[in-house]
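Listing of start_29.pdb, PDB, C-alpha atoms
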```pdb
ATOM      1  CA  MET W   1       0.000   0.000   0.000
ATOM      2  CA  THR W   2       1.424   3.384  -1.026
ATOM      3  CA  LYS W   3       1.611   6.385   1.298
ATOM      4  CA  SER W   4      -1.263   8.004  -0.619
ATOM      5  CA  GLU W   5      -3.400   4.856  -0.264
ATOM      6  CA  ARG W   6      -2.631   4.689   3.462
ATOM      7  CA  THR W   7      -3.664   8.329   3.858
ATOM      8  CA  GLN W   8      -6.892   7.733   1.943
ATOM      9  CA  GLN W   9      -7.703   4.699   4.083
ATOM     10  CA  PHE W  10      -6.978   6.670   7.256
ATOM     11  CA  ILE W  11      -9.354   9.437   6.156
ATOM     12  CA  ILE W  12     -12.080   6.909   5.334
ATOM     13  CA  ASP W  13     -11.597   5.084   8.659
ATOM     14  CA  GLN W  14     -12.024   8.319  10.602
ATOM     15  CA  VAL W  15     -14.753   9.991   8.536
ATOM     16  CA  ALA W  16     -16.989   7.042   7.524
ATOM     17  CA  PRO W  17     -18.751   6.795  10.919
ATOM     18  CA  ILE W  18     -19.429  10.547  10.848
ATOM     19  CA  PHE W  19     -20.990  10.390   7.377
ATOM     20  CA  ASN W  20     -23.141   7.448   8.476
ATOM     21  CA  LYS W  21     -24.386   9.306  11.560
ATOM     22  CA  LYS W  22     -24.711  12.848  10.184
ATOM     23  CA  GLY W  23     -25.178  12.229   6.476
ATOM     24  CA  VAL W  24     -23.363  13.897   3.613
ATOM     25  CA  PHE W  25     -25.188  17.208   4.030
ATOM     26  CA  GLY W  26     -24.797  17.240   7.833
ATOM     27  CA  THR W  27     -21.081  16.405   7.850
ATOM     28  CA  SER W  28     -19.073  19.621   7.850
ATOM     29  CA  LEU W  29     -15.514  20.225   6.752
ATOM     30  CA  SER W  30     -14.630  20.924  10.388
ATOM     31  CA  ASP W  31     -16.047  17.480  11.312
ATOM     32  CA  MET W  32     -13.660  15.928   8.809
ATOM     33  CA  THR W  33     -10.606  17.961   9.780
ATOM     34  CA  SER W  34     -11.250  17.390  13.508
ATOM     35  CA  ALA W  35     -11.638  13.640  13.038
ATOM     36  CA  THR W  36      -8.511  13.260  10.921
ATOM     37  CA  GLY W  37      -6.264  16.054  12.167
ATOM     38  CA  LEU W  38      -5.679  16.892   8.491
ATOM     39  CA  THR W  39      -6.254  20.112   6.581
ATOM     40  CA  LYS W  40      -9.007  20.711   4.042
ATOM     41  CA  GLY W  41      -6.335  20.614   1.329
ATOM     42  CA  ALA W  42      -5.050  17.233   2.489
ATOM     43  CA  ILE W  43      -8.561  15.745   2.557
ATOM     44  CA  TYR W  44      -9.698  17.109  -0.791
ATOM     45  CA  GLY W  45      -6.247  16.482  -2.274
ATOM     46  CA  ASN W  46      -6.867  12.784  -1.664
ATOM     47  CA  PHE W  47     -10.497  12.644  -2.757
ATOM     48  CA  GLY W  48     -11.127  15.687  -4.922
ATOM     49  CA  SER W  49     -14.515  16.499  -3.410
ATOM     50  CA  LYS W  50     -16.809  15.855  -0.491
ATOM     51  CA  ASP W  51     -19.057  13.758  -2.744
ATOM     52  CA  ALA W  52     -16.157  11.490  -3.764
ATOM     53  CA  LEU W  53     -15.228  11.004  -0.106
ATOM     54  CA  ALA W  54     -18.888  10.328   0.746
ATOM     55  CA  MET W  55     -19.036   7.571  -1.888
ATOM     56  CA  ALA W  56     -15.853   5.982  -0.550
ATOM     57  CA  CYS W  57     -17.224   6.134   3.007
ATOM     58  CA  PHE W  58     -20.548   4.623   1.931
ATOM     59  CA  GLU W  59     -18.735   1.666   0.364
ATOM     60  CA  PHE W  60     -16.551   1.287   3.453
ATOM     61  CA  ASN W  61     -19.573   1.330   5.799
ATOM     62  CA  LEU W  62     -21.349  -1.263   3.655
ATOM     63  CA  ARG W  63     -18.395  -3.639   3.488
ATOM     64  CA  PHE W  64     -19.028  -5.012   6.965
ATOM     65  CA  LEU W  65     -22.631  -5.960   6.156
ATOM     66  CA  GLN W  66     -21.656  -7.372   2.770
ATOM     67  CA  LYS W  67     -19.114  -9.636   4.469
ATOM     68  CA  GLY W  68     -21.943 -11.050   6.568
ATOM     69  CA  LEU W  69     -24.024 -11.713   3.465
ATOM     70  CA  TYR W  70     -21.245 -13.491   1.596
ATOM     71  CA  LYS W  71     -20.245 -15.486   4.664
ATOM     72  CA  CYS W  72     -23.812 -16.807   4.893
ATOM     73  CA  LEU W  73     -23.922 -17.536   1.156
ATOM     74  CA  ALA W  74     -20.889 -19.781   1.610
ATOM     75  CA  ILE W  75     -22.642 -21.996   4.173
ATOM     76  CA  ASN W  76     -23.361 -25.531   2.997
ATOM     77  CA  GLY W  77     -27.082 -25.931   3.339
ATOM     78  CA  ASP W  78     -30.440 -25.009   1.924
ATOM     79  CA  ALA W  79     -32.011 -21.565   1.676
ATOM     80  CA  ARG W  80     -33.493 -21.768   5.175
ATOM     81  CA  GLN W  81     -30.105 -22.457   6.748
ATOM     82  CA  LYS W  82     -28.374 -19.682   4.786
ATOM     83  CA  LEU W  83     -31.056 -17.087   5.515
ATOM     84  CA  ILE W  84     -31.363 -17.958   9.204
ATOM     85  CA  ALA W  85     -27.561 -17.612   9.407
ATOM     86  CA  LEU W  86     -27.860 -14.153   7.829
ATOM     87  CA  VAL W  87     -30.505 -13.122  10.380
ATOM     88  CA  ASP W  88     -28.256 -14.454  13.164
ATOM     89  CA  PHE W  89     -25.415 -12.330  11.777
ATOM     90  CA  TYR W  90     -27.568  -9.191  11.927
ATOM     91  CA  GLN W  91     -28.743 -10.009  15.444
ATOM     92  CA  GLU W  92     -25.213 -10.626  16.673
ATOM     93  CA  HIS W  93     -23.883  -7.432  15.128
ATOM     94  CA  TYR W  94     -26.857  -5.121  15.717
ATOM     95  CA  PRO W  95     -25.042  -3.299  18.597
ATOM     96  CA  GLN W  96     -22.175  -2.484  16.253
ATOM     97  CA  VAL W  97     -24.553  -1.327  13.507
ATOM     98  CA  ALA W  98     -26.466   0.864  15.973
ATOM     99  CA  ALA W  99     -23.279   2.360  17.457
ATOM    100  CA  ASN W 100     -22.138   3.250  13.941
ATOM    101  CA  GLY W 101     -25.337   5.221  13.322
ATOM    102  CA  GLY W 102     -27.577   2.521  11.862
ATOM    103  CA  CYS W 103     -27.624   0.765   8.510
ATOM    104  CA  PRO W 104     -25.534   2.737   5.983
ATOM    105  CA  LEU W 105     -27.751   1.536   3.149
ATOM    106  CA  MET W 106     -30.922   2.890   4.742
ATOM    107  CA  ASN W 107     -29.269   6.089   5.961
ATOM    108  CA  SER W 108     -27.871   6.826   2.518
ATOM    109  CA  ALA W 109     -31.128   5.890   0.791
ATOM    110  CA  ILE W 110     -33.072   8.413   2.861
ATOM    111  CA  GLU W 111     -30.583  11.232   2.356
ATOM    112  CA  ALA W 112     -29.752  10.546  -1.283
ATOM    113  CA  ASP W 113     -33.360  10.229  -2.466
ATOM    114  CA  ASP W 114     -33.501  13.713  -3.961
ATOM    115  CA  ALA W 115     -30.271  15.487  -3.085
ATOM    116  CA  TYR W 116     -27.431  13.207  -4.237
ATOM    117  CA  PRO W 117     -28.144  11.417  -7.526
ATOM    118  CA  LEU W 118     -24.784   9.577  -7.641
ATOM    119  CA  LEU W 119     -25.232   8.239  -4.126
ATOM    120  CA  LYS W 120     -28.853   7.351  -4.897
ATOM    121  CA  GLU W 121     -27.692   5.350  -7.903
ATOM    122  CA  LYS W 122     -25.130   3.510  -5.743
ATOM    123  CA  VAL W 123     -27.776   2.755  -3.101
ATOM    124  CA  GLU W 124     -30.177   1.435  -5.752
ATOM    125  CA  SER W 125     -27.526  -0.825  -7.273
ATOM    126  CA  THR W 126     -26.554  -2.124  -3.821
ATOM    127  CA  LEU W 127     -30.188  -2.897  -2.953
ATOM    128  CA  SER W 128     -30.650  -4.601  -6.319
ATOM    129  CA  LEU W 129     -27.561  -6.738  -5.717
ATOM    130  CA  TRP W 130     -28.781  -7.711  -2.231
ATOM    131  CA  LYS W 131     -32.170  -8.678  -3.659
ATOM    132  CA  LYS W 132     -30.503 -10.642  -6.465
ATOM    133  CA  GLU W 133     -28.404 -12.612  -3.964
ATOM    134  CA  LEU W 134     -31.471 -13.439  -1.840
ATOM    135  CA  VAL W 135     -33.477 -14.475  -4.890
ATOM    136  CA  GLY W 136     -30.567 -16.658  -5.996
ATOM    137  CA  ILE W 137     -30.454 -18.416  -2.626
ATOM    138  CA  VAL W 138     -34.172 -19.236  -2.826
ATOM    139  CA  VAL W 139     -34.192 -20.249  -6.498
ATOM    140  CA  ASP W 140     -31.187 -22.557  -6.038
ATOM    141  CA  SER W 141     -33.002 -24.337  -3.223
ATOM    142  CA  GLN W 142     -36.170 -24.516  -5.303
ATOM    143  CA  ARG W 143     -34.242 -26.231  -8.110
ATOM    144  CA  ARG W 144     -32.971 -28.799  -5.617
ATOM    145  CA  MET W 145     -36.536 -29.186  -4.292
ATOM    146  CA  GLU W 146     -35.408 -28.236  -0.777
ATOM    147  CA  VAL W 147     -38.018 -25.495  -0.382
ATOM    148  CA  ARG W 148     -41.480 -24.707  -1.688
ATOM    149  CA  GLY W 149     -41.395 -24.505  -5.480
ATOM    150  CA  ASN W 150     -44.264 -22.057  -5.936
ATOM    151  CA  LEU W 151     -42.773 -19.374  -3.678
ATOM    152  CA  ASP W 152     -42.344 -15.979  -5.380
ATOM    153  CA  ALA W 153     -38.631 -15.467  -4.707
ATOM    154  CA  GLN W 154     -38.738 -11.770  -5.669
ATOM    155  CA  ALA W 155     -41.556 -10.967  -3.249
ATOM    156  CA  PHE W 156     -39.842 -13.004  -0.547
ATOM    157  CA  ALA W 157     -36.604 -11.033  -1.021
ATOM    158  CA  HIS W 158     -38.487  -7.712  -0.786
ATOM    159  CA  ALA W 159     -40.116  -8.758   2.477
ATOM    160  CA  PHE W 160     -36.815 -10.047   3.887
ATOM    161  CA  ILE W 161     -35.020  -6.766   3.171
ATOM    162  CA  ALA W 162     -37.929  -4.703   4.501
ATOM    163  CA  MET W 163     -37.957  -6.611   7.795
ATOM    164  CA  ILE W 164     -34.191  -6.247   8.291
ATOM    165  CA  GLU W 165     -34.156  -2.546   7.435
ATOM    166  CA  GLY W 166     -37.419  -1.792   9.239
ATOM    167  CA  GLY W 167     -36.224  -3.633  12.333
ATOM    168  CA  ILE W 168     -33.030  -1.577  12.424
ATOM    169  CA  LEU W 169     -34.982   1.650  11.873
ATOM    170  CA  VAL W 170     -37.464   1.034  14.689
ATOM    171  CA  ALA W 171     -34.911  -0.290  17.193
ATOM    172  CA  LYS W 172     -32.391   2.486  16.485
ATOM    173  CA  THR W 173     -34.990   5.271  16.521
ATOM    174  CA  MET W 174     -36.543   4.084  19.774
ATOM    175  CA  GLY W 175     -33.210   3.177  21.387
ATOM    176  CA  LYS W 176     -34.543  -0.328  22.082
ATOM    177  CA  PRO W 177     -32.284  -3.116  20.762
ATOM    178  CA  GLU W 178     -34.837  -5.665  21.918
ATOM    179  CA  TYR W 179     -37.219  -4.371  19.229
ATOM    180  CA  PHE W 180     -34.764  -5.573  16.599
ATOM    181  CA  ASP W 181     -34.626  -9.015  18.207
ATOM    182  CA  GLN W 182     -38.437  -9.163  18.202
ATOM    183  CA  VAL W 183     -38.581  -8.386  14.476
ATOM    184  CA  MET W 184     -35.852 -10.934  13.764
ATOM    185  CA  ILE W 185     -37.805 -13.639  15.615
ATOM    186  CA  HIS W 186     -40.726 -12.912  13.277
ATOM    187  CA  LEU W 187     -38.395 -12.902  10.285
ATOM    188  CA  LYS W 188     -37.117 -16.362  11.206
ATOM    189  CA  SER W 189     -40.714 -17.603  11.460
ATOM    190  CA  PHE W 190     -41.430 -15.984   8.084
ATOM    191  CA  ILE W 191     -38.441 -17.800   6.545
ATOM    192  CA  GLU W 192     -39.523 -21.153   7.959
ATOM    193  CA  SER W 193     -43.157 -20.792   6.932
ATOM    194  CA  GLU W 194     -42.504 -19.377   3.444
ATOM    195  CA  LEU W 195     -39.788 -21.871   2.523
ATOM    196  CA  SER W 196     -41.352 -24.941   4.099
ATOM    197  CA  LEU W 197     -42.124 -27.822   1.747
ATOM    198  CA  ASN W 198     -45.292 -28.586   3.716
TER     199      ASN W 198
END
```
Let me see the structure of the file written as structure tokens.
Amino acid sequence: MTKSERTQQFIIDQVAPIFNKKGVFGTSLSDMTSATGLTKGAIYGNFGSKDALAMACFEFNLRFLQKGLYKCLAINGDARQKLIALVDFYQEHYPQVAANGGCPLMNSAIEADDAYPLLKEKVESTLSLWKKELVGIVVDSQRRMEVRGNLDAQAFAHAFIAMIEGGILVAKTMGKPEYFDQVMIHLKSFIESELSLN
């Protein structure tokens, strides 16, 4: 890793949690310089603009959750086992997600809806990829006749994502981690009932 790459990574490490908590609009230059101890010139010299840094921070904040998804995809088992493992991952790491300001995907989706078209496009592509992975998990199990064949995998994926994101939103907003656990219990029941062969 070059000195420039190390500096860029340092800036991202320090600023990514701030962007996730305050948003792109709410994060000031003084927030960034205070967090890094660097000058405006050093920050923008490495990223060119606040928007470019925001995109890099969004990808950094997402990486942790994406690791959880791909770890669960690698599990040997049917769709139920993979998806329950993914829910377990979210439950185990909810405190970390909450301490970091909530789900970066949801936070960025809300802020980018009208104000940041590039970020909105990135959020949309990330959501589409997540949905595609979930659909793939279900369809693969359907082909192996491990789960119900007439299940609408697209609709299932939409509901799965909505319950994860909605659970984080409610629990984080209310400051009640147990609310997230309650939603995840229902999500596990939803997985079992929707994917059951019976």
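Using all atoms listed in the file, the residues found no farther than 10 Å from Ala99 (chain W), other than those of its own chain fewer than 2 positions away, are Pro17, Lys21, Tyr94, Pro95, Gln96, Val97, Gly101, Gly102 and Lys172 of chain W.
What separates CA of Gly68 (chain W) from CA of Phe89 (chain W) is a distance of 6.4 Å.
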So, counting all atoms listed in the file, which residue among W:Ala56, W:Ala171, W:Ile137, W:Met1 is closest to Gln81 (chain W)?
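When distances to Gln81 (chain W) are compared using all atoms listed in the file, the smallest one comes from W:Ile137.
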Excluding same-chain residues fewer than 2 positions from Ala79 (chain W), what lies within 8 Å of it counting all atoms listed in the file, as a PyMOL selection string?
chain W and resi 77+81-83+137-138+140-141+146-147+195
Each residue of region 90-145 of chain W lying at most 12 Å from region 41-53 of chain W should get a row with its shortest atom-to-atom pair and the distance in Å to one decimal, counting only C-alpha atoms; could you produce that, ordered by chain and increasing number, as a Markdown table?
```
| residue | atom | partner | partner_atom | distance |
| --- | --- | --- | --- | --- |
| W:Ala112 | CA | W:Asp51 | CA | 11.3 |
| W:Ala115 | CA | W:Asp51 | CA | 11.4 |
| W:Tyr116 | CA | W:Asp51 | CA | 8.5 |
| W:Pro117 | CA | W:Asp51 | CA | 10.5 |
| W:Leu118 | CA | W:Asp51 | CA | 8.6 |
| W:Leu119 | CA | W:Asp51 | CA | 8.4 |
| W:Lys120 | CA | W:Asp51 | CA | 11.9 |
```
So how far away is CA of Lys122 (chain W) from CA of Ile161 (chain W), in Å?
16.8 Å
Taking 5 positions as the minimum chain separation for residues in the same chain, which residues sit within 12 Å of Asn150 (chain W) when counting only C-alpha atoms? Answer as a PyMOL selection string.
chain W and resi 138-139+141-143+145+155-156+194-198
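Between Gln14 (chain W) and the residues W:Ser28, W:Cys57, W:Phe190, W:Thr126, the shortest atom-to-atom distance, using only C-alpha atoms, involves W:Cys57.
Between Ala85 (chain W) and the residues W:Lys3, W:His158, W:Lys22, W:Lys71, the shortest atom-to-atom distance, using only C-alpha atoms, involves W:Lys71.
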Start from the incomplete input, build N, CA and C atoms for region 22-37 of chain W, and deliver everything as a PDB file, keeping the file's coordinate frame.
```
ATOM      1  N   LYS W  22     -24.241  11.492  10.496  1.00  0.00           N
ATOM      2  CA  LYS W  22     -24.711  12.848  10.184  1.00  0.00           C
ATOM      3  C   LYS W  22     -25.209  13.016   8.758  1.00  0.00           C
ATOM      4  N   GLY W  23     -24.833  12.090   7.885  1.00  0.00           N
ATOM      5  CA  GLY W  23     -25.178  12.229   6.476  1.00  0.00           C
ATOM      6  C   GLY W  23     -24.178  13.101   5.751  1.00  0.00           C
ATOM      7  N   VAL W  24     -24.275  13.104   4.427  1.00  0.00           N
ATOM      8  CA  VAL W  24     -23.363  13.897   3.613  1.00  0.00           C
ATOM      9  C   VAL W  24     -23.595  15.381   3.873  1.00  0.00           C
ATOM     10  N   PHE W  25     -24.860  15.794   3.835  1.00  0.00           N
ATOM     11  CA  PHE W  25     -25.188  17.208   4.030  1.00  0.00           C
ATOM     12  C   PHE W  25     -24.802  17.679   5.432  1.00  0.00           C
ATOM     13  N   GLY W  26     -25.035  16.847   6.444  1.00  0.00           N
ATOM     14  CA  GLY W  26     -24.797  17.240   7.833  1.00  0.00           C
ATOM     15  C   GLY W  26     -23.342  17.173   8.274  1.00  0.00           C
ATOM     16  N   THR W  27     -22.496  16.508   7.494  1.00  0.00           N
ATOM     17  CA  THR W  27     -21.081  16.405   7.850  1.00  0.00           C
ATOM     18  C   THR W  27     -20.342  17.622   7.321  1.00  0.00           C
ATOM     19  N   SER W  28     -19.773  18.387   8.240  1.00  0.00           N
ATOM     20  CA  SER W  28     -19.073  19.621   7.850  1.00  0.00           C
ATOM     21  C   SER W  28     -17.593  19.356   7.607  1.00  0.00           C
ATOM     22  N   LEU W  29     -16.956  20.313   6.969  1.00  0.00           N
ATOM     23  CA  LEU W  29     -15.514  20.225   6.752  1.00  0.00           C
ATOM     24  C   LEU W  29     -14.788  20.175   8.092  1.00  0.00           C
ATOM     25  N   SER W  30     -15.278  20.941   9.070  1.00  0.00           N
ATOM     26  CA  SER W  30     -14.630  20.924  10.388  1.00  0.00           C
ATOM     27  C   SER W  30     -14.779  19.560  11.066  1.00  0.00           C
ATOM     28  N   ASP W  31     -15.898  18.856  10.806  1.00  0.00           N
ATOM     29  CA  ASP W  31     -16.047  17.480  11.312  1.00  0.00           C
ATOM     30  C   ASP W  31     -14.926  16.597  10.764  1.00  0.00           C
ATOM     31  N   MET W  32     -14.664  16.769   9.469  1.00  0.00           N
ATOM     32  CA  MET W  32     -13.660  15.928   8.809  1.00  0.00           C
ATOM     33  C   MET W  32     -12.243  16.283   9.256  1.00  0.00           C
ATOM     34  N   THR W  33     -11.957  17.572   9.363  1.00  0.00           N
ATOM     35  CA  THR W  33     -10.606  17.961   9.780  1.00  0.00           C
ATOM     36  C   THR W  33     -10.365  17.615  11.245  1.00  0.00           C
ATOM     37  N   SER W  34     -11.391  17.752  12.087  1.00  0.00           N
ATOM     38  CA  SER W  34     -11.250  17.390  13.508  1.00  0.00           C
ATOM     39  C   SER W  34     -11.019  15.896  13.678  1.00  0.00           C
ATOM     40  N   ALA W  35     -11.745  15.101  12.912  1.00  0.00           N
ATOM     41  CA  ALA W  35     -11.638  13.640  13.038  1.00  0.00           C
ATOM     42  C   ALA W  35     -10.287  13.127  12.555  1.00  0.00           C
ATOM     43  N   THR W  36      -9.738  13.764  11.532  1.00  0.00           N
ATOM     44  CA  THR W  36      -8.511  13.260  10.921  1.00  0.00           C
ATOM     45  C   THR W  36      -7.253  13.998  11.383  1.00  0.00           C
ATOM     46  N   GLY W  37      -7.432  15.233  11.843  1.00  0.00           N
ATOM     47  CA  GLY W  37      -6.264  16.054  12.167  1.00  0.00           C
ATOM     48  C   GLY W  37      -5.574  16.583  10.919  1.00  0.00           C
TER      49      GLY W  37
END
```
